[in-house]
Amino acid sequence: MPPLRVGYVREHFASPLLQYAEDDGGKTFTLVNCPGGTGQIIKALEEDKVDVVIALTDALIAGIANGKPYKLVGSYVSTALNWAIVTGKDSEYKSRADLRGTTFGISRFGSGSELMVKLMAHQERWIKGEDKDGEELEAIDFKGTTRWKTRFPVAVQLIALWRGWGETVCNNIDGLVEAVNDGSCSAFLWEWFTTKPWADRGEVRFIGSVPTPWPSWMIAAHTSPDRCPRDDVINFVATLTTYVNEFDSEASRKEKDVEFIKKHFGYPEKDIKAWLETVAYPTDCTKIDGSMLVKTLGILGATGAITRPKSGFDPENFTNIEAVRVV
């Protein structure tokens, strides 16, 4: 069998994975960097460009609920992700309340950057209509959703969407920074420390943050046994656990982790140490918390990111029970 193709985002969170890849040398897996984030990762999984992915929990779970062809096979980061609310350096926006009714930038539809805007709207009670006791959120405008709304007949709009002609999403952090500064969107949400270099250079401003109410990163694999043989997936996740444990150890946090991140990502030492104080990894990546799945599905349903079936969700339908333990 060829090595597994593992999709990921080359950020500081990926440090244990990068250390594993260096030692493995491509024998059992190869890395495929997806700088566009989880939306790009999921698309690559669908297009047979990757087999296994490490991506954002909310987007992975929402994708499964919406029929994407993969299942959860492990846990990766056990702490929340802190999403910065980012606006242009000279924009008029001062707080999240100022953003209601504006256009948001996202990397891709179905990405964490889209889902977290919906979570923020849910937290802020941006409820549709005058009934503030209602639950239906207002429609949120994302850059790329309006171009084909009214200019052409519905049939033309559908063809355009199918071919991707009208999609003007921002793709990655560079596109998002450009969009908030050229005025085509009001703000975007992205992980705090990843975005901090742009804020430090004065290219954008932070006007708040939205921490996730769930563990931030999980591992998923395509449902095809030809692409993701059970034993290969189990071995990958189990071996990754040893690298996660080493990276997360008290001894490594003092110096080894700091030097690795400084070398590979160029972050200032004070930012690395501040991030390390906020992050924790699971002791066993081969386990998934079933109660976390239920809670996350409930929140995603409340934001409108997924639709709850009448019979409710079965957490086992979201996991490959042959490859992971739900506890």
# chains A, B, ... in the order shown; residues from 1 in each chain; ligands from 1
$ residues_around --residues "segment 313-316 of chain A" --least-positions-apart "6" --cutoff "7 Å" --atoms "only C-alpha atoms" --output "ChimeraX atom specification"
/A:290,293-294
$ write_last_selection --atoms "N, CA and C atoms" --output "compact mmCIF listing (two decimals), in the first residue's frame"
# COMPACT_ATOMS: atom_id res chain seq x y z
N GLY A 290 -17.43 10.98 23.65
CA GLY A 290 -18.77 10.94 23.08
C GLY A 290 -19.65 12.08 23.54
N LEU A 293 -19.04 15.12 21.44
CA LEU A 293 -19.71 15.07 20.15
C LEU A 293 -21.16 15.54 20.26
N VAL A 294 -21.85 15.03 21.27
CA VAL A 294 -23.26 15.39 21.47
C VAL A 294 -23.39 16.89 21.71
$ select_by_dssp --residues "segment 220-263 of chain A" --states "alpha helix (DSSP H)" --output "number ranges by chain"
A: 230-248, 250-254, 256-263
$ write_last_selection --atoms "N, CA and C atoms" --output "JSON list (two decimals), in the first residue's frame"
[["chain", "number", "residue", "atom", "x", "y", "z"],
["A", 230, "ARG", "N", -7.74, 0.07, 7.58],
["A", 230, "ARG", "CA", -7.96, 0.19, 9.02],
["A", 230, "ARG", "C", -6.65, 0.16, 9.80],
["A", 231, "ASP", "N", -5.80, -0.82, 9.53],
["A", 231, "ASP", "CA", -4.57, -0.97, 10.31],
["A", 231, "ASP", "C", -3.63, 0.22, 10.11],
["A", 232, "ASP", "N", -3.60, 0.77, 8.89],
["A", 232, "ASP", "CA", -2.74, 1.92, 8.63],
["A", 232, "ASP", "C", -3.21, 3.15, 9.42],
["A", 233, "VAL", "N", -4.53, 3.33, 9.46],
["A", 233, "VAL", "CA", -5.09, 4.46, 10.19],
["A", 233, "VAL", "C", -4.83, 4.31, 11.69],
["A", 234, "ILE", "N", -5.06, 3.12, 12.21],
["A", 234, "ILE", "CA", -4.83, 2.86, 13.63],
["A", 234, "ILE", "C", -3.37, 3.10, 13.98],
["A", 235, "ASN", "N", -2.46, 2.63, 13.15],
["A", 235, "ASN", "CA", -1.03, 2.81, 13.41],
["A", 235, "ASN", "C", -0.64, 4.28, 13.38],
["A", 236, "PHE", "N", -1.18, 5.02, 12.41],
["A", 236, "PHE", "CA", -0.87, 6.44, 12.31],
["A", 236, "PHE", "C", -1.29, 7.19, 13.57],
["A", 237, "VAL", "N", -2.54, 6.98, 14.01],
["A", 237, "VAL", "CA", -3.05, 7.71, 15.17],
["A", 237, "VAL", "C", -2.34, 7.28, 16.45],
["A", 238, "ALA", "N", -2.09, 5.98, 16.58],
["A", 238, "ALA", "CA", -1.41, 5.49, 17.79],
["A", 238, "ALA", "C", 0.01, 6.02, 17.89],
["A", 239, "THR", "N", 0.72, 6.03, 16.76],
["A", 239, "THR", "CA", 2.10, 6.53, 16.78],
["A", 239, "THR", "C", 2.13, 8.04, 16.98],
["A", 240, "LEU", "N", 1.18, 8.74, 16.39],
["A", 240, "LEU", "CA", 1.08, 10.18, 16.61],
["A", 240, "LEU", "C", 0.93, 10.49, 18.10],
["A", 241, "THR", "N", 0.22, 9.63, 18.81],
["A", 241, "THR", "CA", 0.04, 9.82, 20.25],
["A", 241, "THR", "C", 1.38, 9.95, 20.98],
["A", 242, "THR", "N", 2.37, 9.15, 20.59],
["A", 242, "THR", "CA", 3.67, 9.20, 21.27],
["A", 242, "THR", "C", 4.35, 10.55, 21.04],
["A", 243, "TYR", "N", 4.21, 11.11, 19.86],
["A", 243, "TYR", "CA", 4.80, 12.42, 19.57],
["A", 243, "TYR", "C", 4.03, 13.54, 20.28],
["A", 244, "VAL", "N", 2.72, 13.40, 20.34],
["A", 244, "VAL", "CA", 1.90, 14.37, 21.07],
["A", 244, "VAL", "C", 2.27, 14.37, 22.55],
["A", 245, "ASN", "N", 2.42, 13.18, 23.13],
["A", 245, "ASN", "CA", 2.78, 13.08, 24.55],
["A", 245, "ASN", "C", 4.14, 13.72, 24.83],
["A", 246, "GLU", "N", 5.09, 13.49, 23.94],
["A", 246, "GLU", "CA", 6.42, 14.07, 24.12],
["A", 246, "GLU", "C", 6.37, 15.59, 24.01],
["A", 247, "PHE", "N", 5.66, 16.09, 23.01],
["A", 247, "PHE", "CA", 5.55, 17.54, 22.81],
["A", 247, "PHE", "C", 4.84, 18.19, 24.00],
["A", 248, "ASP", "N", 3.85, 17.51, 24.55],
["A", 248, "ASP", "CA", 3.01, 18.06, 25.61],
["A", 248, "ASP", "C", 3.62, 17.90, 27.00],
["A", 250, "GLU", "N", 6.01, 18.29, 30.30],
["A", 250, "GLU", "CA", 6.52, 19.46, 31.01],
["A", 250, "GLU", "C", 7.95, 19.78, 30.61],
["A", 251, "ALA", "N", 8.76, 18.74, 30.43],
["A", 251, "ALA", "CA", 10.16, 18.95, 30.07],
["A", 251, "ALA", "C", 10.29, 19.59, 28.69],
["A", 252, "SER", "N", 9.52, 19.11, 27.70],
["A", 252, "SER", "CA", 9.60, 19.65, 26.34],
["A", 252, "SER", "C", 9.09, 21.08, 26.28],
["A", 253, "ARG", "N", 8.08, 21.39, 27.06],
["A", 253, "ARG", "CA", 7.51, 22.74, 27.04],
["A", 253, "ARG", "C", 8.51, 23.80, 27.49],
["A", 254, "LYS", "N", 9.44, 23.43, 28.34],
["A", 254, "LYS", "CA", 10.39, 24.40, 28.88],
["A", 254, "LYS", "C", 11.35, 24.92, 27.83],
["A", 256, "LYS", "N", 12.46, 22.59, 24.47],
["A", 256, "LYS", "CA", 12.43, 21.90, 23.17],
["A", 256, "LYS", "C", 11.31, 22.42, 22.27],
["A", 257, "ASP", "N", 10.09, 22.55, 22.82],
["A", 257, "ASP", "CA", 8.95, 23.01, 22.03],
["A", 257, "ASP", "C", 9.17, 24.44, 21.54],
["A", 258, "VAL", "N", 9.69, 25.26, 22.43],
["A", 258, "VAL", "CA", 9.92, 26.67, 22.08],
["A", 258, "VAL", "C", 10.91, 26.77, 20.92],
["A", 259, "GLU", "N", 12.00, 26.03, 20.99],
["A", 259, "GLU", "CA", 13.01, 26.08, 19.94],
["A", 259, "GLU", "C", 12.48, 25.53, 18.62],
["A", 260, "PHE", "N", 11.67, 24.47, 18.70],
["A", 260, "PHE", "CA", 11.12, 23.88, 17.48],
["A", 260, "PHE", "C", 10.21, 24.88, 16.77],
["A", 261, "ILE", "N", 9.30, 25.50, 17.51],
["A", 261, "ILE", "CA", 8.36, 26.44, 16.91],
["A", 261, "ILE", "C", 9.09, 27.68, 16.40],
["A", 262, "LYS", "N", 10.07, 28.14, 17.14],
["A", 262, "LYS", "CA", 10.85, 29.30, 16.72],
["A", 262, "LYS", "C", 11.57, 29.00, 15.39],
["A", 263, "LYS", "N", 12.14, 27.80, 15.28],
["A", 263, "LYS", "CA", 12.86, 27.41, 14.07],
["A", 263, "LYS", "C", 11.94, 27.25, 12.87]]
$ closest_residue --among "A:Leu4, A:Phe193, A:Lys118, A:Ile41" --to "Ile306 of chain A" --atoms "only C-alpha atoms"
A:Lys118
$ residues_around --residues "Pro282 of chain A" --least-positions-apart "5" --cutoff "7 Å" --atoms "only C-alpha atoms" --output "list in words"
Ser75, Tyr76, Val77 and Ser78 of chain A
$ atom_distance --atom1 "atom CA of Asn171 of chain A" --atom2 "atom CA of Gly37 of chain A"
8.2 Å
$ atom_distance --atom1 "atom CA of Ala305 of chain A" --atom2 "atom CA of Ile140 of chain A"
11.6 Å
$ closest_residue --among "A:Cys228, A:Leu276, A:Met218, A:Ser311" --to "Met292 of chain A" --atoms "only C-alpha atoms"
A:Met218
$ closest_residue --among "A:Gly26, A:Gly74, A:Arg308, A:Ile207" --to "Ile321 of chain A" --atoms "only C-alpha atoms"
A:Gly74
